[in-house]
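One file, target-v7.pdb, carrying PDB, C-alpha atoms:
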ATOM      1  CA  MET A   1       0.000   0.000   0.000
ATOM      2  CA  MET A   2       1.303   3.457  -0.950
ATOM      3  CA  SER A   3       2.329   5.593   2.023
ATOM      4  CA  PHE A   4       0.637   8.938   2.509
ATOM      5  CA  THR A   5       3.803  10.894   1.753
ATOM      6  CA  THR A   6       4.498   8.861  -1.387
ATOM      7  CA  LEU A   7       1.037   9.884  -2.574
ATOM      8  CA  SER A   8       1.600  13.493  -1.474
ATOM      9  CA  ASN A   9       5.008  13.854  -3.117
ATOM     10  CA  ARG A  10       3.694  12.370  -6.358
ATOM     11  CA  ILE A  11       0.768  14.808  -6.430
ATOM     12  CA  PHE A  12       3.013  17.763  -5.559
ATOM     13  CA  VAL A  13       5.278  17.005  -8.519
ATOM     14  CA  GLU A  14       2.223  16.608 -10.740
ATOM     15  CA  SER A  15       0.956  20.049  -9.679
ATOM     16  CA  ILE A  16       4.344  21.735 -10.112
ATOM     17  CA  LEU A  17       4.848  20.301 -13.593
ATOM     18  CA  ALA A  18       1.317  21.285 -14.626
ATOM     19  CA  TYR A  19       1.891  24.872 -13.450
ATOM     20  CA  HIS A  20       5.190  25.189 -15.304
ATOM     21  CA  LYS A  21       3.656  24.223 -18.638
ATOM     22  CA  ASP A  22       2.457  27.839 -18.843
ATOM     23  CA  ASP A  23       4.584  29.200 -15.975
ATOM     24  CA  HIS A  24       2.273  32.112 -15.225
ATOM     25  CA  VAL A  25       0.644  33.121 -11.940
ATOM     26  CA  ASP A  26      -2.747  33.541 -13.630
ATOM     27  CA  THR A  27      -2.775  30.044 -15.094
ATOM     28  CA  PRO A  28      -6.146  28.487 -14.179
ATOM     29  CA  ILE A  29      -5.924  25.390 -12.016
ATOM     30  CA  ARG A  30      -7.138  22.165 -13.593
ATOM     31  CA  ASN A  31      -7.329  19.849 -10.615
ATOM     32  CA  PRO A  32      -7.610  16.303 -11.973
ATOM     33  CA  TYR A  33      -8.902  14.724  -8.755
ATOM     34  CA  PRO A  34     -12.454  14.216  -7.471
ATOM     35  CA  LEU A  35     -13.804  17.244  -5.609
ATOM     36  CA  LYS A  36     -13.242  17.100  -1.830
ATOM     37  CA  SER A  37     -11.034  14.002  -2.025
ATOM     38  CA  ILE A  38      -7.736  14.146  -0.102
ATOM     39  CA  GLU A  39      -5.937  13.989  -3.456
ATOM     40  CA  TYR A  40      -7.903  17.047  -4.579
ATOM     41  CA  TYR A  41      -6.844  18.970  -1.485
ATOM     42  CA  LEU A  42      -3.183  17.961  -1.802
ATOM     43  CA  TYR A  43      -3.110  19.130  -5.424
ATOM     44  CA  LEU A  44      -4.850  22.396  -4.531
ATOM     45  CA  LYS A  45      -2.478  22.926  -1.599
ATOM     46  CA  ASN A  46       0.605  22.650  -3.768
ATOM     47  CA  TRP A  47      -0.916  24.760  -6.545
ATOM     48  CA  ILE A  48      -1.481  27.590  -4.067
ATOM     49  CA  ASP A  49       2.115  27.209  -2.861
ATOM     50  CA  THR A  50       3.444  27.205  -6.429
ATOM     51  CA  VAL A  51       1.584  30.342  -7.479
ATOM     52  CA  GLN A  52       2.671  32.092  -4.292
ATOM     53  CA  TRP A  53       6.294  31.044  -4.875
ATOM     54  CA  HIS A  54       6.240  32.918  -8.187
ATOM     55  CA  LEU A  55       4.379  35.912  -6.766
ATOM     56  CA  GLU A  56       7.165  36.179  -4.169
ATOM     57  CA  ASP A  57       9.698  36.195  -7.034
ATOM     58  CA  ILE A  58       7.826  38.897  -8.943
ATOM     59  CA  ILE A  59       7.439  41.250  -5.992
ATOM     60  CA  ARG A  60      11.215  41.251  -5.445
ATOM     61  CA  ASP A  61      11.861  42.859  -8.814
ATOM     62  CA  PRO A  62      13.709  46.096  -7.825
ATOM     63  CA  ASN A  63      12.058  47.908 -10.734
ATOM     64  CA  ILE A  64       8.497  46.827 -10.002
ATOM     65  CA  ASN A  65       5.801  49.478 -10.205
ATOM     66  CA  PRO A  66       4.695  50.326  -6.616
ATOM     67  CA  VAL A  67       1.009  50.022  -7.515
ATOM     68  CA  GLU A  68       1.613  46.573  -8.985
ATOM     69  CA  ALA A  69       3.684  45.619  -5.926
ATOM     70  CA  LEU A  70       0.844  46.545  -3.585
ATOM     71  CA  ALA A  71      -1.630  44.513  -5.636
ATOM     72  CA  ILE A  72       0.698  41.512  -5.499
ATOM     73  CA  LYS A  73       1.199  41.976  -1.744
ATOM     74  CA  ARG A  74      -2.570  41.872  -1.277
ATOM     75  CA  ARG A  75      -2.696  38.748  -3.421
ATOM     76  CA  ILE A  76       0.039  37.093  -1.326
ATOM     77  CA  ASP A  77      -1.898  37.950   1.848
ATOM     78  CA  LYS A  78      -4.995  36.240   0.457
ATOM     79  CA  SER A  79      -2.901  33.278  -0.666
ATOM     80  CA  ASN A  80      -1.496  32.891   2.840
ATOM     81  CA  GLN A  81      -5.016  32.838   4.267
ATOM     82  CA  ASP A  82      -6.137  30.287   1.652
ATOM     83  CA  ARG A  83      -3.083  28.170   2.471
ATOM     84  CA  THR A  84      -3.841  28.243   6.193
ATOM     85  CA  ASP A  85      -7.501  27.382   5.628
ATOM     86  CA  LEU A  86      -6.520  24.445   3.436
ATOM     87  CA  VAL A  87      -3.988  23.104   5.945
ATOM     88  CA  GLU A  88      -6.703  23.161   8.605
ATOM     89  CA  LEU A  89      -9.059  21.379   6.219
ATOM     90  CA  ILE A  90      -6.473  18.634   5.636
ATOM     91  CA  ASP A  91      -6.049  18.306   9.402
ATOM     92  CA  SER A  92      -9.820  17.858   9.645
ATOM     93  CA  TYR A  93      -9.433  14.930   7.240
ATOM     94  CA  PHE A  94      -6.957  13.314   9.635
ATOM     95  CA  LEU A  95      -9.141  14.045  12.665
ATOM     96  CA  ASP A  96     -12.024  12.251  10.932
ATOM     97  CA  ARG A  97      -9.787   9.420   9.796
ATOM     98  CA  TYR A  98      -8.493   8.694  13.299
ATOM     99  CA  GLN A  99     -11.508   9.706  15.379
ATOM    100  CA  ALA A 100     -12.202   6.113  16.454
ATOM    101  CA  VAL A 101      -8.631   5.527  17.705
ATOM    102  CA  GLU A 102      -8.353   5.395  21.489
ATOM    103  CA  PRO A 103      -5.002   6.896  22.535
ATOM    104  CA  LEU A 104      -2.862   4.709  24.775
ATOM    105  CA  SER A 105      -2.347   5.826  28.371
ATOM    106  CA  HIS A 106       1.205   6.917  27.575
ATOM    107  CA  ALA A 107       0.315   8.587  24.237
ATOM    108  CA  THR A 108       2.030  11.894  23.540
ATOM    109  CA  ILE A 109       1.260  14.894  21.351
ATOM    110  CA  ASN A 110       3.438  15.942  18.429
ATOM    111  CA  THR A 111       4.974  19.403  18.032
ATOM    112  CA  GLU A 112       2.911  20.008  14.890
ATOM    113  CA  SER A 113      -0.153  18.496  13.280
ATOM    114  CA  PRO A 114       0.154  16.169  10.262
ATOM    115  CA  ALA A 115      -1.133  18.799   7.826
ATOM    116  CA  TRP A 116       1.403  21.430   8.882
ATOM    117  CA  ALA A 117       4.165  18.881   8.317
ATOM    118  CA  ILE A 118       2.656  18.163   4.889
ATOM    119  CA  ASP A 119       2.672  21.921   4.262
ATOM    120  CA  ARG A 120       6.453  21.838   4.709
ATOM    121  CA  LEU A 121       6.653  18.818   2.396
ATOM    122  CA  SER A 122       4.829  20.760  -0.330
ATOM    123  CA  ILE A 123       7.274  23.664  -0.022
ATOM    124  CA  LEU A 124      10.185  21.228  -0.148
ATOM    125  CA  ALA A 125       8.895  19.843  -3.447
ATOM    126  CA  LEU A 126       9.003  23.388  -4.836
ATOM    127  CA  LYS A 127      12.515  24.014  -3.520
ATOM    128  CA  ILE A 128      13.706  20.757  -5.105
ATOM    129  CA  TYR A 129      12.126  21.583  -8.468
ATOM    130  CA  HIS A 130      13.628  25.055  -8.635
ATOM    131  CA  MET A 131      17.045  24.001  -7.343
ATOM    132  CA  GLN A 132      17.114  21.282 -10.004
ATOM    133  CA  GLN A 133      16.439  24.023 -12.553
ATOM    134  CA  GLN A 134      19.464  25.910 -11.262
ATOM    135  CA  VAL A 135      21.662  22.816 -11.587
ATOM    136  CA  GLU A 136      20.545  22.397 -15.197
ATOM    137  CA  ARG A 137      21.175  26.005 -16.269
ATOM    138  CA  ASP A 138      23.605  26.353 -19.177
ATOM    139  CA  ASP A 139      24.632  29.936 -18.341
ATOM    140  CA  ILE A 140      26.461  29.251 -15.058
ATOM    141  CA  ASP A 141      29.998  28.190 -14.190
ATOM    142  CA  ALA A 142      30.993  24.920 -12.579
ATOM    143  CA  ALA A 143      31.376  26.440  -9.105
ATOM    144  CA  HIS A 144      27.809  27.754  -9.114
ATOM    145  CA  ARG A 145      26.506  24.445 -10.423
ATOM    146  CA  ASP A 146      28.369  22.518  -7.723
ATOM    147  CA  GLN A 147      26.931  24.798  -5.037
ATOM    148  CA  CYS A 148      23.426  24.253  -6.347
ATOM    149  CA  GLN A 149      23.951  20.495  -6.593
ATOM    150  CA  ALA A 150      25.130  20.385  -2.973
ATOM    151  CA  LYS A 151      21.997  22.293  -1.919
ATOM    152  CA  LEU A 152      19.815  19.985  -4.022
ATOM    153  CA  ASP A 153      21.328  16.923  -2.348
ATOM    154  CA  ILE A 154      20.483  18.366   1.067
ATOM    155  CA  LEU A 155      16.928  19.188  -0.004
ATOM    156  CA  LEU A 156      16.416  15.640  -1.279
ATOM    157  CA  GLU A 157      17.722  14.237   1.989
ATOM    158  CA  GLN A 158      15.429  16.565   3.900
ATOM    159  CA  GLN A 159      12.490  15.386   1.787
ATOM    160  CA  ARG A 160      13.272  11.747   2.570
ATOM    161  CA  ASP A 161      13.634  12.468   6.289
ATOM    162  CA  LEU A 162      10.466  14.559   6.500
ATOM    163  CA  SER A 163       8.490  11.965   4.528
ATOM    164  CA  THR A 164       9.668   9.232   6.906
ATOM    165  CA  ALA A 165       8.795  11.353   9.948
ATOM    166  CA  ILE A 166       5.288  12.149   8.654
ATOM    167  CA  ASP A 167       4.531   8.526   7.832
ATOM    168  CA  GLN A 168       5.794   7.523  11.283
ATOM    169  CA  LEU A 169       3.607  10.184  12.907
ATOM    170  CA  LEU A 170       0.535   8.911  11.065
ATOM    171  CA  ALA A 171       1.384   5.323  12.052
ATOM    172  CA  ASP A 172       1.771   6.414  15.683
ATOM    173  CA  ILE A 173      -1.582   8.234  15.640
ATOM    174  CA  GLU A 174      -3.275   5.211  14.087
ATOM    175  CA  ALA A 175      -1.750   2.942  16.775
ATOM    176  CA  GLY A 176      -2.639   5.304  19.613
ATOM    177  CA  ARG A 177       0.957   6.139  20.477
ATOM    178  CA  LYS A 178       0.383   9.789  19.488
ATOM    179  CA  TYR A 179      -2.783  11.822  19.513
ATOM    180  CA  MET A 180      -3.902  14.771  17.418
ATOM    181  CA  LYS A 181      -4.837  18.134  18.797
ATOM    182  CA  VAL A 182      -5.353  20.921  16.291
ATOM    183  CA  TYR A 183      -5.126  24.574  17.249
ATOM    184  CA  ARG A 184      -6.678  26.834  14.637
ATOM    185  CA  GLN A 185      -4.343  29.598  13.510
ATOM    186  CA  MET A 186      -6.699  32.404  14.510
ATOM    187  CA  LYS A 187      -4.909  34.926  12.316
ATOM    188  CA  MET A 188      -5.722  38.457  13.409
ATOM    189  CA  TYR A 189      -4.483  40.752  10.651
ATOM    190  CA  ASN A 190      -7.178  39.749   8.136
ATOM    191  CA  ASP A 191     -10.030  40.046  10.637
ATOM    192  CA  PRO A 192     -11.757  43.472  10.618
ATOM    193  CA  ASN A 193     -12.788  42.855  14.231
ATOM    194  CA  LEU A 194      -9.249  42.104  15.455
ATOM    195  CA  ASN A 195      -6.860  44.246  13.383
ATOM    196  CA  PRO A 196      -6.844  47.734  14.992
ATOM    197  CA  VAL A 197      -5.948  49.385  11.689
ATOM    198  CA  LEU A 198      -9.151  47.932  10.221
ATOM    199  CA  TYR A 199     -11.611  48.331  13.089
ATOM    200  CA  GLY A 200     -10.183  51.744  13.970
ATOM    201  CA  LYS A 201     -11.369  53.101  10.632
ATOM    202  CA  ARG A 202     -15.009  52.271  11.174
TER     203      ARG A 202
END
Turn this file's structure into structure tokens for me.
Amino acid sequence: MMSFTTLSNRIFVESILAYHKDDHVDTPIRNPYPLKSIEYYLYLKNWIDTVQWHLEDIIRDPNINPVEALAIKRRIDKSNQDRTDLVELIDSYFLDRYQAVEPLSHATINTESPAWAIDRLSILALKIYHMQQQVERDDIDAAHRDQCQAKLDILLEQQRDLSTAIDQLLADIEAGRKYMKVYRQMKMYNDPNLNPVLYGKR
């Protein structure tokens, strides 16, 4: 049976490759998975991350028009909120999946929920893709290529380690050795009732 991270990593690569066919932040998503399936959410999660990755590149252009920069900043803010909402949705999937598991008396809690670890795995897939692009550039010298290859090797090792850790966490939750407890992010800056700059203008 395929591990959860094997499935996740495969879908992340699929999303990244699909985005880079057009390589444009306004490319419409064509999610190939059934609506509301975990595969659908994993694909959507990585697509959001991929678009935001490129928005972060664009906004760092030193010659960017300030009006355009502000519009992109607003778009990144919304993307961050969408990303957080989706991570919490994926955690809800795990809460439902393991709701019947009775934690053992010595069960412990993890430092982060499964979905936030998967969030890091999605970002790692993007780092690996773009570092591989750097290694394959034909306009760089050998020293730069070697530096990028060394970084790529570390990223790949990190991906293997994180994948192993996530699968172990899920196995521990399923066996009752760990238990899930999800704290919602409760972001304040987007809430007109909690951000003083927003509610102060009423």
Task: Nearest to Ile58 of chain A by atom-to-atom distance, counting only C-alpha atoms, from A:Leu44, A:Val25, A:Leu89, A:Ile38 - done: A:Val25
- [ ] Quick one: everything within 12 Å of Gln158 of chain A, counting all atoms listed in the file, minus sequence neighbours fewer than 2 positions away in the same chain. Send it as a PyMOL selection string.
- [x] chain A and resi 120-121+123-125+127-128+151-156+160-165
Open item on the list: For a test of reading the model, state the distance in Å between atom CA of Asn31 of chain A and atom CA of Asp167 of chain A, rounded to one decimal.
Closed with: 24.7 Å
Within 12 Å of (6.7, 23.1, -4.4) (coordinates as in the file), grab all the protein and nucleic acid residues, counting only C-alpha atoms, and write them out as a PDB file with C-alpha atoms, in the frame of the given file.
ATOM      1  CA  SER A   8       1.600  13.493  -1.474  1.00  0.00           C
ATOM      2  CA  ASN A   9       5.008  13.854  -3.117  1.00  0.00           C
ATOM      3  CA  ARG A  10       3.694  12.370  -6.358  1.00  0.00           C
ATOM      4  CA  ILE A  11       0.768  14.808  -6.430  1.00  0.00           C
ATOM      5  CA  PHE A  12       3.013  17.763  -5.559  1.00  0.00           C
ATOM      6  CA  VAL A  13       5.278  17.005  -8.519  1.00  0.00           C
ATOM      7  CA  GLU A  14       2.223  16.608 -10.740  1.00  0.00           C
ATOM      8  CA  SER A  15       0.956  20.049  -9.679  1.00  0.00           C
ATOM      9  CA  ILE A  16       4.344  21.735 -10.112  1.00  0.00           C
ATOM     10  CA  LEU A  17       4.848  20.301 -13.593  1.00  0.00           C
ATOM     11  CA  ALA A  18       1.317  21.285 -14.626  1.00  0.00           C
ATOM     12  CA  TYR A  19       1.891  24.872 -13.450  1.00  0.00           C
ATOM     13  CA  HIS A  20       5.190  25.189 -15.304  1.00  0.00           C
ATOM     14  CA  LEU A  42      -3.183  17.961  -1.802  1.00  0.00           C
ATOM     15  CA  TYR A  43      -3.110  19.130  -5.424  1.00  0.00           C
ATOM     16  CA  LEU A  44      -4.850  22.396  -4.531  1.00  0.00           C
ATOM     17  CA  LYS A  45      -2.478  22.926  -1.599  1.00  0.00           C
ATOM     18  CA  ASN A  46       0.605  22.650  -3.768  1.00  0.00           C
ATOM     19  CA  TRP A  47      -0.916  24.760  -6.545  1.00  0.00           C
ATOM     20  CA  ILE A  48      -1.481  27.590  -4.067  1.00  0.00           C
ATOM     21  CA  ASP A  49       2.115  27.209  -2.861  1.00  0.00           C
ATOM     22  CA  THR A  50       3.444  27.205  -6.429  1.00  0.00           C
ATOM     23  CA  VAL A  51       1.584  30.342  -7.479  1.00  0.00           C
ATOM     24  CA  GLN A  52       2.671  32.092  -4.292  1.00  0.00           C
ATOM     25  CA  TRP A  53       6.294  31.044  -4.875  1.00  0.00           C
ATOM     26  CA  HIS A  54       6.240  32.918  -8.187  1.00  0.00           C
ATOM     27  CA  ILE A 118       2.656  18.163   4.889  1.00  0.00           C
ATOM     28  CA  ASP A 119       2.672  21.921   4.262  1.00  0.00           C
ATOM     29  CA  ARG A 120       6.453  21.838   4.709  1.00  0.00           C
ATOM     30  CA  LEU A 121       6.653  18.818   2.396  1.00  0.00           C
ATOM     31  CA  SER A 122       4.829  20.760  -0.330  1.00  0.00           C
ATOM     32  CA  ILE A 123       7.274  23.664  -0.022  1.00  0.00           C
ATOM     33  CA  LEU A 124      10.185  21.228  -0.148  1.00  0.00           C
ATOM     34  CA  ALA A 125       8.895  19.843  -3.447  1.00  0.00           C
ATOM     35  CA  LEU A 126       9.003  23.388  -4.836  1.00  0.00           C
ATOM     36  CA  LYS A 127      12.515  24.014  -3.520  1.00  0.00           C
ATOM     37  CA  ILE A 128      13.706  20.757  -5.105  1.00  0.00           C
ATOM     38  CA  TYR A 129      12.126  21.583  -8.468  1.00  0.00           C
ATOM     39  CA  HIS A 130      13.628  25.055  -8.635  1.00  0.00           C
ATOM     40  CA  MET A 131      17.045  24.001  -7.343  1.00  0.00           C
ATOM     41  CA  GLN A 132      17.114  21.282 -10.004  1.00  0.00           C
ATOM     42  CA  LEU A 155      16.928  19.188  -0.004  1.00  0.00           C
ATOM     43  CA  GLN A 159      12.490  15.386   1.787  1.00  0.00           C
TER      44      GLN A 159
END
- [ ] Rounded to one decimal place, report the atom CA of Glu39 of chain A-atom CA of Met2 of chain A distance in Å.
- [x]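 Atom CA of Met2 of chain A lies at a distance of 13.0 Å from atom CA of Glu39 of chain A.
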Task: Point-to-point distance in Å for atom CA of Lys78 of chain A and atom CA of Asn195 of chain A - done: 15.3 Å
Task: Point (-3.8, 13.7, 8.2) neighbourhood (6 Å, all atoms listed in the file) written as a ChimeraX atom specification - done: /A:91,93-94,114-115
Open item on the list: Would you pick out the contacts of segment 168-180 of chain A at 7 Å or less, using only C-alpha atoms, so that residues sharing its chain but fewer than 3 positions from it are not included, and give the list as a ChimeraX atom specification?
Closed with: /A:98,101-104,107-110,113,164-165
- [ ] May I ask which of the residues A:Asp85, A:Arg75, A:Arg184, A:Ile166 is the closest one to Ser3 of chain A, counting all atoms listed in the file?
- [x] A:Ile166
